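Here's the structure, in structure tokens; my notes come after.
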Amino acid sequence: MTRSMDTPRAWAIDLVAWALVGAILGAVGPFGSFFNDGLPVRVAYWTTLCLVSGVVISASVRWIWPIARRRRVSAWVWVPVTAVVITAPLGLFARVFAMGFWPGIRERVGLMEWLGQTLLIELVCLTAYVATHARVAQGRPREPSASPKGEARILDRLPSRLGRDLLCLQMEDHYVRLHTPRGSVLVLTPLRTAITQVGGIDGMQVHRSWWVAREAVQGVVQDGRNLRLKLVSGLEAPVARSKVAELRAAGWPVGEA
């Protein structure tokens with residue numbers, strides 16, 4: 001799954017696109033629906049149907065795609081399987097919904113024929129949806145390389161509203177959260193890659209999931225043998241026990257072991 005799919009804006013674009021597809025289908029009137037009723041009714045039917053199907057498809061892809069990538073399952077496998085799985089509930093919904101407009105459709109189109117048409121539509125829509133997002137991802141610039149000559153290229157990943165004062169990096173699954181005094185943002189990159197891009201910012205990886213800028217440290221919180229660095233923003237970054245000696249040798253205020 002691409003990073004662009006994780007935002008409210010991406011969902012809004014999806015819904016507009018599905019509604020547009022529905023309006024076009026309403027005008028064309030596929031599968032004999034052209035003869036069922038006038039243009040406004042057909043557009044209302046197909047737009048509603050595409051919005052419902054689109055939400056199911058969009059949510060399914062957002063859930064299944066990351067799992068498939070982690071398990072190295074090809075889209076040629078999971079896309080058809082997903083289409084088959086969602087066909088039954090969406091097909092039955094569409095049939096009941098259609099009978100509300102045109103009651104006689106129950107006798108004219110058998111259930112199996114209806115589900116077959118639904119499978120064809122869902123397979124085409126799913127394939128087009130995944131292919132579109134895959135092309136968008138391929139068209140983006142590659143992950144920035146390590147920062148040359150002390151340049152902190154990781155700061156280019158920060159939106160302007162967050163400023164340029166990087167406090168720490170926090171790993172969250174396949175993402176890294178960049179924290180500043182003004183808030184945080186998620187970027188799709190491994191933590192080790194993000195650390196190579198901090199350039200001349202004085203800091204250290206204090207935990208397998210955290211990198212902290214030295215100037216961001218306000219104090220230390222000790223809970224038994226566990227240490228946490230208290231940052232100026234109020235965050236507390238855990239310190240791995242294996243890192244304590246290294247931090248102390250570098251002059252960080254971590255106290256005694």
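Chain labels run A, B, ... following the order of the structure tokens; each chain numbers its residues from 1, and ligands are numbered from 1 in the order shown.
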Name all residues at most 9 Å from region 92-98 of chain A (count only C-alpha atoms; drop same-chain ones fewer than 6 positions away) and give them as a list in words. Tyr45, Leu49, Ile105, Arg106, Leu111, Trp114, Leu115 and Thr118 of chain A
Just C-alpha atoms for this one: save the residues we selected as a compact mmCIF listing (two decimals), in the first residue's frame.
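The new file part.txt reads:
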# COMPACT_ATOMS: atom_id res chain seq x y z
CA TYR A 45 -28.72 3.71 -8.89
CA LEU A 49 -23.85 1.23 -6.04
CA ILE A 105 -35.60 -7.67 -12.34
CA ARG A 106 -35.80 -10.68 -10.01
CA LEU A 111 -29.16 -14.97 -9.02
CA TRP A 114 -26.34 -11.54 -11.28
CA LEU A 115 -23.41 -12.69 -9.14
CA THR A 118 -21.01 -8.54 -10.06
Name all residues at most 8 Å from Arg42 (chain A) (count only C-alpha atoms; drop same-chain ones fewer than 3 positions away) and give them as a compact mmCIF listing (two decimals) with all heavy atoms, in the first residue's frame.
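See result_13.txt below for the written result:
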# COMPACT_ATOMS: atom_id res chain seq x y z
N GLY A 26 -24.18 5.15 -15.05
CA GLY A 26 -25.60 5.49 -15.13
C GLY A 26 -25.98 6.03 -16.49
O GLY A 26 -27.06 5.76 -17.02
N ALA A 27 -25.07 6.81 -17.08
CA ALA A 27 -25.34 7.36 -18.40
C ALA A 27 -25.25 6.29 -19.48
O ALA A 27 -26.04 6.28 -20.43
CB ALA A 27 -24.35 8.49 -18.70
N GLY A 29 -25.53 2.88 -18.94
CA GLY A 29 -26.54 1.86 -18.69
C GLY A 29 -26.10 0.46 -19.06
O GLY A 29 -26.75 -0.19 -19.89
N SER A 33 -29.29 -2.14 -18.05
CA SER A 33 -29.95 -1.14 -17.20
C SER A 33 -30.37 0.09 -17.99
O SER A 33 -31.20 0.88 -17.51
CB SER A 33 -29.02 -0.73 -16.04
OG SER A 33 -27.82 -0.15 -16.54
N PHE A 34 -29.83 0.24 -19.20
CA PHE A 34 -30.22 1.39 -20.04
C PHE A 34 -31.72 1.40 -20.32
O PHE A 34 -32.34 2.45 -20.46
CB PHE A 34 -29.43 1.36 -21.35
CG PHE A 34 -29.68 2.55 -22.23
CD1 PHE A 34 -28.97 3.73 -22.05
CD2 PHE A 34 -30.65 2.49 -23.23
CE1 PHE A 34 -29.20 4.82 -22.87
CE2 PHE A 34 -30.89 3.59 -24.04
CZ PHE A 34 -30.16 4.75 -23.86
N ASN A 36 -34.04 0.11 -18.31
CA ASN A 36 -34.84 -0.02 -17.10
C ASN A 36 -35.58 1.25 -16.72
O ASN A 36 -36.68 1.20 -16.19
CB ASN A 36 -33.96 -0.45 -15.92
CG ASN A 36 -33.50 -1.89 -16.05
OD1 ASN A 36 -34.05 -2.66 -16.82
ND2 ASN A 36 -32.48 -2.25 -15.29
N ASP A 37 -34.94 2.41 -16.94
CA ASP A 37 -35.55 3.65 -16.47
C ASP A 37 -34.86 4.83 -17.14
O ASP A 37 -33.95 4.67 -17.95
CB ASP A 37 -35.43 3.75 -14.95
CG ASP A 37 -36.69 4.32 -14.32
OD1 ASP A 37 -37.21 5.32 -14.85
OD2 ASP A 37 -37.12 3.77 -13.30
N GLY A 38 -35.28 6.04 -16.75
CA GLY A 38 -34.68 7.24 -17.29
C GLY A 38 -33.31 7.53 -16.72
O GLY A 38 -32.87 6.88 -15.76
N LEU A 39 -32.63 8.53 -17.29
CA LEU A 39 -31.26 8.87 -16.91
C LEU A 39 -31.11 9.19 -15.43
O LEU A 39 -30.20 8.67 -14.77
CB LEU A 39 -30.76 10.03 -17.77
CG LEU A 39 -29.33 10.52 -17.46
CD1 LEU A 39 -28.32 9.42 -17.71
CD2 LEU A 39 -29.01 11.76 -18.30
N TYR A 45 -28.96 5.12 -9.21
CA TYR A 45 -28.72 3.71 -8.89
C TYR A 45 -27.23 3.38 -8.98
O TYR A 45 -26.63 2.86 -8.02
CB TYR A 45 -29.52 2.82 -9.84
CG TYR A 45 -29.12 1.37 -9.79
CD1 TYR A 45 -29.50 0.55 -8.73
CD2 TYR A 45 -28.32 0.82 -10.80
CE1 TYR A 45 -29.12 -0.79 -8.69
CE2 TYR A 45 -27.94 -0.51 -10.77
CZ TYR A 45 -28.33 -1.31 -9.70
OH TYR A 45 -27.94 -2.62 -9.66
N TRP A 46 -26.62 3.70 -10.11
CA TRP A 46 -25.23 3.31 -10.32
C TRP A 46 -24.27 4.11 -9.43
O TRP A 46 -23.26 3.57 -8.96
CB TRP A 46 -24.84 3.49 -11.78
CG TRP A 46 -25.28 2.34 -12.64
CD1 TRP A 46 -26.32 2.32 -13.54
CD2 TRP A 46 -24.71 1.03 -12.67
NE1 TRP A 46 -26.43 1.09 -14.13
CE2 TRP A 46 -25.44 0.27 -13.61
CE3 TRP A 46 -23.65 0.43 -12.00
CZ2 TRP A 46 -25.15 -1.06 -13.88
CZ3 TRP A 46 -23.36 -0.90 -12.27
CH2 TRP A 46 -24.10 -1.63 -13.21
Rounded to one decimal place, report the CA of His174 (chain A)-CA of Pro8 (chain A) distance in Å. 19.6 Å
Nearby residues (only C-alpha atoms) at most 7 Å from Leu227 (chain A), same-chain spacing under 6 positions excluded, as a ChimeraX atom specification: /A:220-221,238-239
Could you write out that same residue set with N, CA and C atoms as an mmCIF file, in the first residue's frame?
data_model
loop_
_atom_site.group_PDB
_atom_site.id
_atom_site.type_symbol
_atom_site.label_atom_id
_atom_site.label_comp_id
_atom_site.auth_asym_id
_atom_site.auth_seq_id
_atom_site.Cartn_x
_atom_site.Cartn_y
_atom_site.Cartn_z
ATOM 1 N N VAL A 220 16.120 13.060 32.555
ATOM 2 C CA VAL A 220 16.050 11.603 32.533
ATOM 3 C C VAL A 220 15.015 11.137 33.543
ATOM 4 N N VAL A 221 14.204 10.172 33.136
ATOM 5 C CA VAL A 221 13.233 9.558 34.037
ATOM 6 C C VAL A 221 13.699 8.135 34.294
ATOM 7 N N PRO A 238 12.350 5.860 25.344
ATOM 8 C CA PRO A 238 13.008 4.793 26.117
ATOM 9 C C PRO A 238 14.464 4.634 25.706
ATOM 10 N N VAL A 239 15.267 4.235 26.676
ATOM 11 C CA VAL A 239 16.693 3.990 26.433
ATOM 12 C C VAL A 239 16.952 2.501 26.619
#
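Between CA of Leu186 (chain A) and CA of Val56 (chain A) the interatomic distance comes to 25.2 Å.
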Using DSSP secondary structure from the backbone, list all alpha helix (DSSP H) positions within region 97-255 of chain A, as a PyMOL selection string. chain A and resi 97-101+105-108+111-139+191-196+241-249
Selection file, C-alpha atoms, as a PDB file, in the first residue's frame:
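Once everything was written out, this is part-v1.pdb:
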ATOM      1  CA  PHE A  97     -31.208  -2.433  -4.046  1.00  0.00           C
ATOM      2  CA  ALA A  98     -32.044  -2.909  -7.734  1.00  0.00           C
ATOM      3  CA  MET A  99     -35.335  -4.627  -6.919  1.00  0.00           C
ATOM      4  CA  GLY A 100     -36.323  -1.503  -5.012  1.00  0.00           C
ATOM      5  CA  PHE A 101     -36.115   0.379  -8.308  1.00  0.00           C
ATOM      6  CA  ILE A 105     -35.603  -7.669 -12.342  1.00  0.00           C
ATOM      7  CA  ARG A 106     -35.804 -10.682 -10.008  1.00  0.00           C
ATOM      8  CA  GLU A 107     -37.552 -12.732 -12.709  1.00  0.00           C
ATOM      9  CA  ARG A 108     -35.539 -11.362 -15.623  1.00  0.00           C
ATOM     10  CA  LEU A 111     -29.165 -14.972  -9.021  1.00  0.00           C
ATOM     11  CA  MET A 112     -26.125 -16.770 -10.440  1.00  0.00           C
ATOM     12  CA  GLU A 113     -26.102 -14.591 -13.541  1.00  0.00           C
ATOM     13  CA  TRP A 114     -26.337 -11.541 -11.278  1.00  0.00           C
ATOM     14  CA  LEU A 115     -23.409 -12.690  -9.139  1.00  0.00           C
ATOM     15  CA  GLY A 116     -21.387 -13.421 -12.255  1.00  0.00           C
ATOM     16  CA  GLN A 117     -21.928  -9.870 -13.494  1.00  0.00           C
ATOM     17  CA  THR A 118     -21.010  -8.538 -10.056  1.00  0.00           C
ATOM     18  CA  LEU A 119     -17.780 -10.580 -10.011  1.00  0.00           C
ATOM     19  CA  LEU A 120     -16.806  -9.179 -13.393  1.00  0.00           C
ATOM     20  CA  ILE A 121     -17.403  -5.591 -12.240  1.00  0.00           C
ATOM     21  CA  GLU A 122     -15.558  -6.035  -8.932  1.00  0.00           C
ATOM     22  CA  LEU A 123     -12.590  -7.717 -10.621  1.00  0.00           C
ATOM     23  CA  VAL A 124     -12.234  -4.900 -13.152  1.00  0.00           C
ATOM     24  CA  CYS A 125     -12.620  -2.189 -10.492  1.00  0.00           C
ATOM     25  CA  LEU A 126     -10.196  -3.830  -8.071  1.00  0.00           C
ATOM     26  CA  THR A 127      -7.547  -4.371 -10.739  1.00  0.00           C
ATOM     27  CA  ALA A 128      -7.840  -0.806 -12.007  1.00  0.00           C
ATOM     28  CA  TYR A 129      -7.740   0.596  -8.471  1.00  0.00           C
ATOM     29  CA  VAL A 130      -4.608  -1.326  -7.443  1.00  0.00           C
ATOM     30  CA  ALA A 131      -2.859  -0.666 -10.759  1.00  0.00           C
ATOM     31  CA  THR A 132      -3.538   3.066 -10.461  1.00  0.00           C
ATOM     32  CA  HIS A 133      -2.047   3.323  -6.984  1.00  0.00           C
ATOM     33  CA  ALA A 134       0.921   1.150  -7.983  1.00  0.00           C
ATOM     34  CA  ARG A 135       1.696   3.486 -10.901  1.00  0.00           C
ATOM     35  CA  VAL A 136       1.425   6.520  -8.620  1.00  0.00           C
ATOM     36  CA  ALA A 137       3.889   4.953  -6.185  1.00  0.00           C
ATOM     37  CA  GLN A 138       6.349   4.110  -8.966  1.00  0.00           C
ATOM     38  CA  GLY A 139       6.179   7.676 -10.229  1.00  0.00           C
ATOM     39  CA  LEU A 191      14.372   3.971  10.746  1.00  0.00           C
ATOM     40  CA  ARG A 192      17.904   3.063   9.681  1.00  0.00           C
ATOM     41  CA  THR A 193      17.418   5.033   6.444  1.00  0.00           C
ATOM     42  CA  ALA A 194      16.019   8.038   8.292  1.00  0.00           C
ATOM     43  CA  ILE A 195      19.007   8.028  10.658  1.00  0.00           C
ATOM     44  CA  THR A 196      21.438   8.193   7.723  1.00  0.00           C
ATOM     45  CA  ARG A 241      20.028  -0.941  28.491  1.00  0.00           C
ATOM     46  CA  SER A 242      22.688  -1.807  25.939  1.00  0.00           C
ATOM     47  CA  LYS A 243      22.870   1.886  24.986  1.00  0.00           C
ATOM     48  CA  VAL A 244      23.351   3.345  28.472  1.00  0.00           C
ATOM     49  CA  ALA A 245      27.141   2.979  28.582  1.00  0.00           C
ATOM     50  CA  GLU A 246      27.495   4.358  25.052  1.00  0.00           C
ATOM     51  CA  LEU A 247      25.345   7.376  25.905  1.00  0.00           C
ATOM     52  CA  ARG A 248      27.245   8.026  29.121  1.00  0.00           C
ATOM     53  CA  ALA A 249      30.568   7.850  27.284  1.00  0.00           C
TER      54      ALA A 249
END
Pick the closest to Leu90 (chain A) from A:Pro181, A:Arg164, A:Val41, A:Cys50: which is it, counting only C-alpha atoms? A:Cys50
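We find CA of Thr180 (chain A) and CA of Leu166 (chain A) to be spaced 4.9 Å apart.
Considering the residues A:Gln170, A:Ser160, A:Ser53, A:Thr87 and counting only C-alpha atoms, Ala213 (chain A) has its shortest atom-to-atom contact with A:Gln170.
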Sel. of strand (DSSP E) residues, region 14-226 of chain A, as a PyMOL selection string: chain A and resi 168-172+175-180+183-188+203-207+210-213+217-223+226
For the selection just defined, write its residues with N, CA, C and O atoms to a file, as a short mmCIF file (atom, residue, chain, number, x, y, z; two decimals), in the first residue's frame.
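As written to disk, again-v7.cif reads:
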data_model
loop_
_atom_site.label_atom_id
_atom_site.label_comp_id
_atom_site.auth_asym_id
_atom_site.auth_seq_id
_atom_site.Cartn_x
_atom_site.Cartn_y
_atom_site.Cartn_z
N CYS A 168 13.26 14.12 17.51
CA CYS A 168 13.54 12.69 17.55
C CYS A 168 12.84 11.99 16.39
O CYS A 168 11.97 12.56 15.72
N LEU A 169 13.27 10.75 16.16
CA LEU A 169 12.65 9.86 15.19
C LEU A 169 12.10 8.67 15.96
O LEU A 169 12.79 8.10 16.81
N GLN A 170 10.86 8.28 15.64
CA GLN A 170 10.22 7.17 16.34
C GLN A 170 9.69 6.17 15.32
O GLN A 170 8.87 6.52 14.47
N MET A 171 10.16 4.94 15.37
CA MET A 171 9.72 3.93 14.42
C MET A 171 8.31 3.46 14.77
O MET A 171 7.99 3.17 15.93
N GLU A 172 7.45 3.38 13.75
CA GLU A 172 6.10 2.84 13.89
C GLU A 172 5.86 1.89 12.73
O GLU A 172 5.49 2.31 11.63
N TYR A 175 6.89 2.72 9.18
CA TYR A 175 6.97 4.17 9.10
C TYR A 175 7.91 4.70 10.17
O TYR A 175 8.27 4.01 11.12
N VAL A 176 8.29 5.98 10.00
CA VAL A 176 9.02 6.70 11.04
C VAL A 176 8.27 8.00 11.31
O VAL A 176 7.89 8.71 10.37
N ARG A 177 8.04 8.28 12.58
CA ARG A 177 7.38 9.53 12.96
C ARG A 177 8.45 10.55 13.30
O ARG A 177 9.29 10.32 14.18
N LEU A 178 8.43 11.68 12.61
CA LEU A 178 9.36 12.78 12.85
C LEU A 178 8.71 13.75 13.82
O LEU A 178 7.64 14.30 13.53
N HIS A 179 9.34 13.97 14.97
CA HIS A 179 8.79 14.85 16.00
C HIS A 179 9.52 16.19 15.99
O HIS A 179 10.76 16.23 15.91
N THR A 180 8.78 17.27 16.09
CA THR A 180 9.33 18.61 16.30
C THR A 180 8.54 19.24 17.44
O THR A 180 7.52 18.68 17.87
N GLY A 183 4.76 19.42 16.59
CA GLY A 183 3.93 18.26 16.28
C GLY A 183 4.76 17.18 15.63
O GLY A 183 5.98 17.12 15.79
N SER A 184 4.11 16.31 14.85
CA SER A 184 4.82 15.19 14.25
C SER A 184 4.17 14.82 12.92
O SER A 184 3.04 15.22 12.62
N VAL A 185 4.92 14.03 12.13
CA VAL A 185 4.42 13.56 10.84
C VAL A 185 5.00 12.18 10.60
O VAL A 185 6.13 11.89 10.99
N LEU A 186 4.21 11.32 9.95
CA LEU A 186 4.67 9.98 9.59
C LEU A 186 5.24 9.99 8.18
O LEU A 186 4.64 10.59 7.27
N VAL A 187 6.37 9.32 7.98
CA VAL A 187 6.92 9.14 6.64
C VAL A 187 7.21 7.65 6.45
O VAL A 187 7.57 6.95 7.39
N LEU A 188 7.03 7.21 5.23
CA LEU A 188 7.25 5.80 4.92
C LEU A 188 8.73 5.57 4.61
O LEU A 188 9.21 5.87 3.51
N GLY A 203 22.97 13.67 17.56
CA GLY A 203 21.99 12.79 18.17
C GLY A 203 22.48 11.36 18.16
O GLY A 203 23.58 11.06 17.69
N MET A 204 21.64 10.46 18.68
CA MET A 204 22.04 9.07 18.78
C MET A 204 20.80 8.18 18.81
O MET A 204 19.74 8.58 19.32
N GLN A 205 20.96 6.98 18.25
CA GLN A 205 19.90 5.98 18.38
C GLN A 205 19.98 5.41 19.79
O GLN A 205 20.93 4.73 20.13
N VAL A 206 18.95 5.68 20.58
CA VAL A 206 18.97 5.29 21.99
C VAL A 206 18.18 4.01 22.24
O VAL A 206 18.21 3.46 23.34
N HIS A 207 17.47 3.56 21.23
CA HIS A 207 16.61 2.38 21.35
C HIS A 207 16.41 1.86 19.94
O HIS A 207 16.59 2.59 18.96
N TRP A 210 13.99 4.27 18.43
CA TRP A 210 14.10 5.71 18.67
C TRP A 210 15.49 6.24 18.34
O TRP A 210 16.51 5.62 18.69
N TRP A 211 15.52 7.40 17.69
CA TRP A 211 16.71 8.23 17.57
C TRP A 211 16.36 9.58 18.18
O TRP A 211 15.28 10.11 17.94
N VAL A 212 17.28 10.15 18.99
CA VAL A 212 16.98 11.39 19.72
C VAL A 212 18.08 12.41 19.46
O VAL A 212 19.28 12.07 19.50
N ALA A 213 17.69 13.64 19.21
CA ALA A 213 18.66 14.75 19.09
C ALA A 213 19.12 15.15 20.48
O ALA A 213 18.31 15.27 21.41
N VAL A 217 16.97 16.76 24.65
CA VAL A 217 16.90 16.10 25.96
C VAL A 217 16.83 17.14 27.07
O VAL A 217 17.69 18.02 27.19
N GLN A 218 15.79 17.02 27.88
CA GLN A 218 15.58 17.94 29.01
C GLN A 218 15.94 17.29 30.33
O GLN A 218 16.30 17.97 31.29
N GLY A 219 15.84 15.99 30.39
CA GLY A 219 16.15 15.29 31.64
C GLY A 219 16.01 13.79 31.46
O GLY A 219 15.80 13.29 30.34
N VAL A 220 16.12 13.06 32.55
CA VAL A 220 16.05 11.60 32.53
C VAL A 220 15.01 11.14 33.54
O VAL A 220 14.95 11.66 34.67
N VAL A 221 14.20 10.17 33.14
CA VAL A 221 13.23 9.56 34.04
C VAL A 221 13.70 8.13 34.29
O VAL A 221 13.91 7.36 33.35
N GLN A 222 13.90 7.79 35.56
CA GLN A 222 14.38 6.46 35.89
C GLN A 222 13.30 5.71 36.63
O GLN A 222 12.72 6.18 37.61
N ASP A 223 13.01 4.49 36.15
CA ASP A 223 12.01 3.62 36.76
C ASP A 223 12.67 2.27 37.00
O ASP A 223 12.69 1.42 36.12
N ASN A 226 15.03 0.84 34.32
CA ASN A 226 14.63 1.39 33.02
C ASN A 226 14.83 2.90 32.99
O ASN A 226 14.50 3.60 33.94
#
Excluding Thr47 (chain A) and any residue of its chain fewer than 4 positions from it, enumerate the residues within 6 Å of it, using only C-alpha atoms, and give them as an NGL selection string. :A and (19 or 22-23 or 43)
Please produce a file of the residues just selected, as a CSV table (one decimal), in the first residue's frame, where the atoms kept are C-alpha atoms.
chain,number,residue,atom,x,y,z
A,19,ALA,CA,-19.1,8.7,-7.7
A,22,GLY,CA,-21.2,5.6,-11.1
A,23,ALA,CA,-22.4,8.6,-12.9
A,43,VAL,CA,-27.5,7.7,-12.4
